[in-house]
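Before any comments, here is the structure.
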Amino acid sequence: MPSPSIGKQRPKKARAAANGARRGSVDYETLARFRYELRQFQAFSEAAANSSGLTAQQHQALLAIRGLSHHEPMSIGDLAGYLLVRHHTAVELVDRMTKLKVVSRSVDPADGRRVLVQLTAEGERRLRRLSRMHLQELRAMGPTLTKMLKLFRRG
């Protein structure tokens, strides 16, 4: 449960004094609030993925395949790189996603050693639904994040 002070604003004079006292030092409060907001978004994202029958990592994989492959199949090695996981972890992830029928795999015709993955129609459908939900959540939290990011520029 978050502290009741998260999200509450201190009076302008108190904030100005605190900012002045922090010049040259680390703004722990802003960092803590920023990390809290990120955790809130991550918790939302995990719950949304679960409601679609996916894990957070599977959702992340669908997004990487669709968003970073320029509509071409993506190699499992590239997927591993985007997800910051080892190759064998990406292989296992793709195995599970293939069983869910959200991705399909094929051998790269130019290099038979590479396996390519792409979204299926079901994968596109689930990703589109999740993306709409995430954009709506980001729009709702955008003003808060924008204020925090401005505080980081002052440093």
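Ligands are numbered from 1 in the order shown, residues from 1 within each chain, and chains are lettered A, B, ... in the order they appear in the structure tokens.
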
Might you pull out every residue within 8 Å of Leu127 of chain A, with only C-alpha atoms counted and same-chain residues fewer than 3 positions away left off, and present them as a PDB file with C-alpha atoms, in the first residue's frame?
```pdb
ATOM      1  CA  HIS A  59       3.177  -9.302 -24.031  1.00  0.00           C
ATOM      2  CA  LEU A  62       4.546  -9.524 -28.974  1.00  0.00           C
ATOM      3  CA  LEU A  63       5.228  -5.808 -28.759  1.00  0.00           C
ATOM      4  CA  GLY A 123      -1.307 -12.425 -31.592  1.00  0.00           C
ATOM      5  CA  GLU A 124      -2.195  -9.241 -33.497  1.00  0.00           C
ATOM      6  CA  LEU A 130      -3.404  -4.568 -24.864  1.00  0.00           C
ATOM      7  CA  SER A 131      -1.867  -1.616 -26.692  1.00  0.00           C
TER       8      SER A 131
END
```

Tell me, which residues of segment 5-154 of chain A carry DSSP alpha helix (DSSP H), written as a count of residues only? 103

Can you build me a table of segment 25-115 of chain A residues sitting at most 9 Å from segment 137-141 of chain A, with the closest atom pair per residue and its distance in Å to one decimal, using only C-alpha atoms, sorted by chain and residue number, as a tab-separated table?
```
residue	atom	partner	partner_atom	distance
A:Glu37	CA	A:Met141	CA	8.2
A:Phe41	CA	A:Glu137	CA	7.8
A:Phe44	CA	A:Glu137	CA	8.3
```

For Leu119 of chain A: contacts at 9 Å, only C-alpha atoms, fewer than 4 positions along chain excluded, given as a CSV table (one decimal) with C-alpha atoms, in the first residue's frame:
```csv
chain,number,residue,atom,x,y,z
A,62,LEU,CA,4.5,-9.5,-29.0
A,65,ILE,CA,8.0,-8.5,-32.7
A,66,ARG,CA,5.4,-6.1,-34.0
A,73,PRO,CA,9.6,-11.9,-39.1
A,101,LYS,CA,-1.1,-19.6,-31.2
A,102,VAL,CA,0.0,-15.9,-30.9
A,103,VAL,CA,3.2,-16.4,-32.9
A,104,SER,CA,4.4,-18.7,-35.6
A,105,ARG,CA,7.9,-19.7,-36.4
A,123,GLY,CA,-1.3,-12.4,-31.6
A,124,GLU,CA,-2.2,-9.2,-33.5
```

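Our summary of the geometry notes that atom CA of Ala90 of chain A is positioned 6.3 Å from atom CA of Ile76 of chain A.
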
Rank nothing, just name the residue among A:Ser25, A:Gln58, A:Phe34, A:Glu122 nearest to Leu149 of chain A, using only C-alpha atoms. A:Phe34

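From atom CA of Ala121 of chain A back to atom CA of Glu46 of chain A, the distance works out to 21.9 Å.
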
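Shortest separation to Thr144 of chain A among A:Leu38, A:Ala80, A:Leu116, A:Val26 occurs at residue A:Leu38, atoms counted being only C-alpha atoms.
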
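For Ala64 of chain A, the set of protein, DNA and RNA residues having any atom at most 8 Å away, when counting only C-alpha atoms and skipping those fewer than 5 positions along the same chain, is A:Ser69, A:Leu79, A:Tyr82, A:Leu83.
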